[in-house]
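Everything on this sheet refers to the single structure shown next.
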Amino acid sequence: MGNLILLVLAVVYVGGVWKFWTGFERTNFQRSLPTRISLALLWPVLLVNKSFRRNFTKALKG
């Protein structure tokens, strides 16, 4: 059961990274590779920030 939960969390995390990465152009963030990488990898932690959450939602749409 624990392995299943870890698998689901990993799929959600990788899915979030992928969706943010592909939709990054719709955000207001600086268009640089280091910014894109760091924001994509840290998205679960940064969701507590209202501005990031708004931009994350923009990236996920479309």
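Chain identifiers are assigned as A, B, and so on, following the order in which chains appear in the structure tokens; residues are numbered from 1 within each chain, and ligands are numbered from 1 in order of appearance.
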Near region 21-24 of chain A, counting only C-alpha atoms, which residues have an atom at most 7 Å away, once you skip same-chain residues fewer than 3 positions from it, shown as a PDB file with N, CA and C atoms, in the first residue's frame?
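That gives us result_11.pdb:
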ATOM      1  N   VAL A  17       5.518  18.776 -13.061  1.00  0.00           N
ATOM      2  CA  VAL A  17       6.745  19.304 -13.675  1.00  0.00           C
ATOM      3  C   VAL A  17       6.552  19.416 -15.176  1.00  0.00           C
ATOM      4  N   TRP A  18       6.029  18.361 -15.790  1.00  0.00           N
ATOM      5  CA  TRP A  18       5.846  18.346 -17.240  1.00  0.00           C
ATOM      6  C   TRP A  18       4.867  19.429 -17.697  1.00  0.00           C
ATOM      7  N   THR A  27       3.460  32.078 -18.518  1.00  0.00           N
ATOM      8  CA  THR A  27       3.634  32.701 -17.203  1.00  0.00           C
ATOM      9  C   THR A  27       4.321  34.057 -17.330  1.00  0.00           C
ATOM     10  N   ALA A  40      10.129  24.668 -12.080  1.00  0.00           N
ATOM     11  CA  ALA A  40       9.469  23.400 -12.434  1.00  0.00           C
ATOM     12  C   ALA A  40       9.720  22.335 -11.373  1.00  0.00           C
ATOM     13  N   ALA A  59       0.058  28.281 -16.530  1.00  0.00           N
ATOM     14  CA  ALA A  59       0.891  27.310 -17.239  1.00  0.00           C
ATOM     15  C   ALA A  59       0.134  26.011 -17.494  1.00  0.00           C
ATOM     16  N   LEU A  60      -0.736  25.619 -16.575  1.00  0.00           N
ATOM     17  CA  LEU A  60      -1.453  24.371 -16.726  1.00  0.00           C
ATOM     18  C   LEU A  60      -2.580  24.458 -17.753  1.00  0.00           C
TER      19      LEU A  60
END
Quiz item: Please, what distance in Å, to one decimal, runs between CA of Lys19 (chain A) and CA of Gly2 (chain A)?
Solution: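 Distance reported for this atom pair: 25.8 Å.
Distances from A:Glu25, A:Phe20, A:Met1, A:Gln30 to Thr57 (chain A) were compared using only C-alpha atoms, and the smallest one belongs to A:Phe20.
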Quiz item: Separation of CA of Thr35 (chain A) and CA of Val12 (chain A), in Å?
Solution: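 Going from CA of Thr35 (chain A) over to CA of Val12 (chain A) covers 21.2 Å.
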Quiz item: CA of Leu42 (chain A) and CA of Lys61 (chain A) are how many Å apart?
Solution: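 Interatomic distance, CA of Leu42 (chain A) to CA of Lys61 (chain A): 18.9 Å.
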Mind listing the helix (DSSP H, G or I) residues of chain A, per DSSP on the backbone, as a CSV table (one decimal) with N, CA, C and O atoms, in the first residue's frame?
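Done, and the output landed in part-v8.csv:
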chain,number,residue,atom,x,y,z
A,2,GLY,N,2.0,1.2,0.8
A,2,GLY,CA,2.9,2.4,0.8
A,2,GLY,C,3.5,2.6,-0.5
A,2,GLY,O,3.7,3.8,-0.9
A,3,ASN,N,3.9,1.6,-1.2
A,3,ASN,CA,4.5,1.7,-2.5
A,3,ASN,C,3.5,2.4,-3.5
A,3,ASN,O,3.9,3.1,-4.4
A,4,LEU,N,2.3,2.0,-3.4
A,4,LEU,CA,1.3,2.6,-4.3
A,4,LEU,C,1.1,4.1,-4.1
A,4,LEU,O,1.0,4.8,-5.0
A,5,ILE,N,1.1,4.5,-2.8
A,5,ILE,CA,1.0,5.9,-2.5
A,5,ILE,C,2.2,6.7,-3.0
A,5,ILE,O,2.1,7.7,-3.6
A,6,LEU,N,3.4,6.1,-2.9
A,6,LEU,CA,4.6,6.7,-3.4
A,6,LEU,C,4.6,6.8,-4.9
A,6,LEU,O,5.0,7.8,-5.5
A,7,LEU,N,4.1,5.8,-5.5
A,7,LEU,CA,4.0,5.8,-7.0
A,7,LEU,C,3.0,6.9,-7.5
A,7,LEU,O,3.3,7.6,-8.4
A,8,VAL,N,1.9,7.0,-6.8
A,8,VAL,CA,0.9,8.0,-7.2
A,8,VAL,C,1.5,9.4,-7.0
A,8,VAL,O,1.3,10.3,-7.8
A,9,LEU,N,2.2,9.6,-5.8
A,9,LEU,CA,2.8,11.0,-5.6
A,9,LEU,C,3.8,11.3,-6.6
A,9,LEU,O,4.0,12.4,-7.1
A,10,ALA,N,4.6,10.3,-7.0
A,10,ALA,CA,5.7,10.5,-8.0
A,10,ALA,C,5.0,10.8,-9.4
A,10,ALA,O,5.5,11.7,-10.1
A,11,VAL,N,3.9,10.2,-9.7
A,11,VAL,CA,3.3,10.5,-11.0
A,11,VAL,C,2.7,11.9,-11.0
A,11,VAL,O,2.8,12.6,-12.0
A,12,VAL,N,2.1,12.3,-9.9
A,12,VAL,CA,1.5,13.7,-9.7
A,12,VAL,C,2.7,14.7,-9.8
A,12,VAL,O,2.5,15.7,-10.5
A,13,TYR,N,3.8,14.4,-9.2
A,13,TYR,CA,4.9,15.3,-9.2
A,13,TYR,C,5.5,15.5,-10.6
A,13,TYR,O,5.6,16.6,-11.1
A,14,VAL,N,5.8,14.4,-11.2
A,14,VAL,CA,6.3,14.4,-12.6
A,14,VAL,C,5.3,15.0,-13.6
A,14,VAL,O,5.7,15.8,-14.5
A,15,GLY,N,4.0,14.7,-13.4
A,15,GLY,CA,3.0,15.4,-14.2
A,15,GLY,C,3.0,16.9,-14.1
A,15,GLY,O,2.8,17.6,-15.0
A,16,GLY,N,3.1,17.3,-12.8
A,16,GLY,CA,3.1,18.8,-12.6
A,16,GLY,C,4.4,19.4,-13.2
A,16,GLY,O,4.3,20.5,-13.7
A,17,VAL,N,5.5,18.8,-13.1
A,17,VAL,CA,6.7,19.3,-13.7
A,17,VAL,C,6.6,19.4,-15.2
A,17,VAL,O,6.9,20.4,-15.8
A,18,TRP,N,6.0,18.4,-15.8
A,18,TRP,CA,5.8,18.3,-17.2
A,18,TRP,C,4.9,19.4,-17.7
A,18,TRP,O,5.1,20.2,-18.7
A,19,LYS,N,3.7,19.5,-17.0
A,19,LYS,CA,2.7,20.5,-17.4
A,19,LYS,C,3.3,21.9,-17.2
A,19,LYS,O,3.0,22.8,-18.1
A,20,PHE,N,4.0,22.2,-16.1
A,20,PHE,CA,4.5,23.5,-15.9
A,20,PHE,C,5.6,23.8,-17.0
A,20,PHE,O,5.7,24.9,-17.5
A,21,TRP,N,6.4,22.8,-17.3
A,21,TRP,CA,7.5,23.0,-18.2
A,21,TRP,C,7.0,23.4,-19.6
A,21,TRP,O,7.4,24.3,-20.3
A,22,THR,N,5.9,22.6,-20.0
A,22,THR,CA,5.4,22.9,-21.4
A,22,THR,C,4.6,24.2,-21.4
A,22,THR,O,4.4,24.7,-22.5
A,24,PHE,N,5.2,26.9,-19.6
A,24,PHE,CA,6.0,28.0,-19.0
A,24,PHE,C,5.9,29.3,-19.7
A,24,PHE,O,5.9,30.4,-19.1
A,25,GLU,N,5.7,29.3,-21.0
A,25,GLU,CA,5.7,30.5,-21.8
A,25,GLU,C,4.5,31.4,-21.5
A,25,GLU,O,4.4,32.6,-21.8
A,26,ARG,N,3.4,30.8,-20.9
A,26,ARG,CA,2.2,31.5,-20.6
A,26,ARG,C,2.3,32.3,-19.2
A,26,ARG,O,1.4,33.0,-18.8
A,33,LEU,N,16.6,29.5,-18.7
A,33,LEU,CA,16.6,28.1,-18.4
A,33,LEU,C,16.8,27.8,-16.9
A,33,LEU,O,16.0,27.0,-16.4
A,34,PRO,N,17.7,28.5,-16.2
A,34,PRO,CA,17.8,28.2,-14.7
A,34,PRO,C,16.5,28.5,-14.0
A,34,PRO,O,16.1,27.7,-13.1
A,35,THR,N,15.8,29.6,-14.3
A,35,THR,CA,14.5,29.9,-13.7
A,35,THR,C,13.5,28.8,-14.0
A,35,THR,O,12.8,28.4,-13.1
A,36,ARG,N,13.4,28.4,-15.2
A,36,ARG,CA,12.5,27.4,-15.7
A,36,ARG,C,12.7,26.1,-14.9
A,36,ARG,O,11.8,25.5,-14.4
A,37,ILE,N,14.0,25.7,-14.8
A,37,ILE,CA,14.3,24.4,-14.2
A,37,ILE,C,13.9,24.5,-12.7
A,37,ILE,O,13.3,23.6,-12.2
A,38,SER,N,14.4,25.5,-12.0
A,38,SER,CA,14.1,25.6,-10.6
A,38,SER,C,12.7,25.7,-10.2
A,38,SER,O,12.2,25.1,-9.3
A,39,LEU,N,11.9,26.5,-11.0
A,39,LEU,CA,10.5,26.6,-10.7
A,39,LEU,C,9.7,25.3,-11.0
A,39,LEU,O,8.8,25.0,-10.3
A,40,ALA,N,10.1,24.7,-12.1
A,40,ALA,CA,9.5,23.4,-12.4
A,40,ALA,C,9.7,22.3,-11.4
A,40,ALA,O,8.8,21.6,-11.0
A,41,LEU,N,10.9,22.3,-10.9
A,41,LEU,CA,11.3,21.2,-9.9
A,41,LEU,C,10.7,21.5,-8.5
A,41,LEU,O,10.4,20.6,-7.7
A,43,TRP,N,7.8,23.2,-7.8
A,43,TRP,CA,6.5,23.6,-7.8
A,43,TRP,C,5.6,23.2,-6.6
A,43,TRP,O,4.8,24.0,-6.2
A,44,PRO,N,5.8,22.1,-6.0
A,44,PRO,CA,4.9,21.7,-4.9
A,44,PRO,C,5.2,22.7,-3.7
A,44,PRO,O,4.2,23.1,-3.0
A,45,VAL,N,6.4,23.1,-3.5
A,45,VAL,CA,6.8,23.9,-2.4
A,45,VAL,C,6.3,25.4,-2.6
A,45,VAL,O,5.8,26.0,-1.7
A,46,LEU,N,6.4,25.8,-3.9
A,46,LEU,CA,6.1,27.2,-4.2
A,46,LEU,C,4.6,27.4,-4.3
A,46,LEU,O,4.2,28.6,-4.4
A,50,LYS,N,0.9,33.0,-3.5
A,50,LYS,CA,-0.3,33.3,-4.3
A,50,LYS,C,0.1,33.6,-5.7
A,50,LYS,O,-0.5,33.2,-6.7
A,51,SER,N,1.2,34.4,-5.9
A,51,SER,CA,1.6,34.8,-7.2
A,51,SER,C,2.1,33.6,-8.1
A,51,SER,O,1.7,33.4,-9.2
A,52,PHE,N,2.9,32.7,-7.4
A,52,PHE,CA,3.3,31.5,-8.1
A,52,PHE,C,2.1,30.6,-8.5
A,52,PHE,O,2.0,30.1,-9.6
A,53,ARG,N,1.2,30.5,-7.6
A,53,ARG,CA,0.0,29.7,-7.8
A,53,ARG,C,-0.8,30.2,-9.0
A,53,ARG,O,-1.3,29.4,-9.8
A,54,ARG,N,-0.9,31.5,-9.1
A,54,ARG,CA,-1.7,32.1,-10.2
A,54,ARG,C,-0.9,31.8,-11.6
A,54,ARG,O,-1.6,31.4,-12.5
A,55,ASN,N,0.4,31.9,-11.6
A,55,ASN,CA,1.2,31.6,-12.8
A,55,ASN,C,1.2,30.2,-13.1
A,55,ASN,O,1.2,29.8,-14.2
A,56,PHE,N,1.2,29.3,-12.0
A,56,PHE,CA,1.2,27.9,-12.2
A,56,PHE,C,-0.1,27.5,-12.9
A,56,PHE,O,-0.1,26.7,-13.8
A,57,THR,N,-1.2,28.1,-12.5
A,57,THR,CA,-2.5,27.8,-13.1
A,57,THR,C,-2.5,28.2,-14.6
A,57,THR,O,-3.0,27.5,-15.4
A,58,LYS,N,-1.9,29.4,-14.9
A,58,LYS,CA,-1.8,29.8,-16.3
A,58,LYS,C,-1.0,28.8,-17.1
A,58,LYS,O,-1.4,28.5,-18.2
A,59,ALA,N,0.1,28.3,-16.5
A,59,ALA,CA,0.9,27.3,-17.2
A,59,ALA,C,0.1,26.0,-17.5
A,59,ALA,O,0.3,25.4,-18.5
A,60,LEU,N,-0.7,25.6,-16.6
A,60,LEU,CA,-1.5,24.4,-16.7
A,60,LEU,C,-2.6,24.5,-17.8
A,60,LEU,O,-3.0,23.5,-18.3
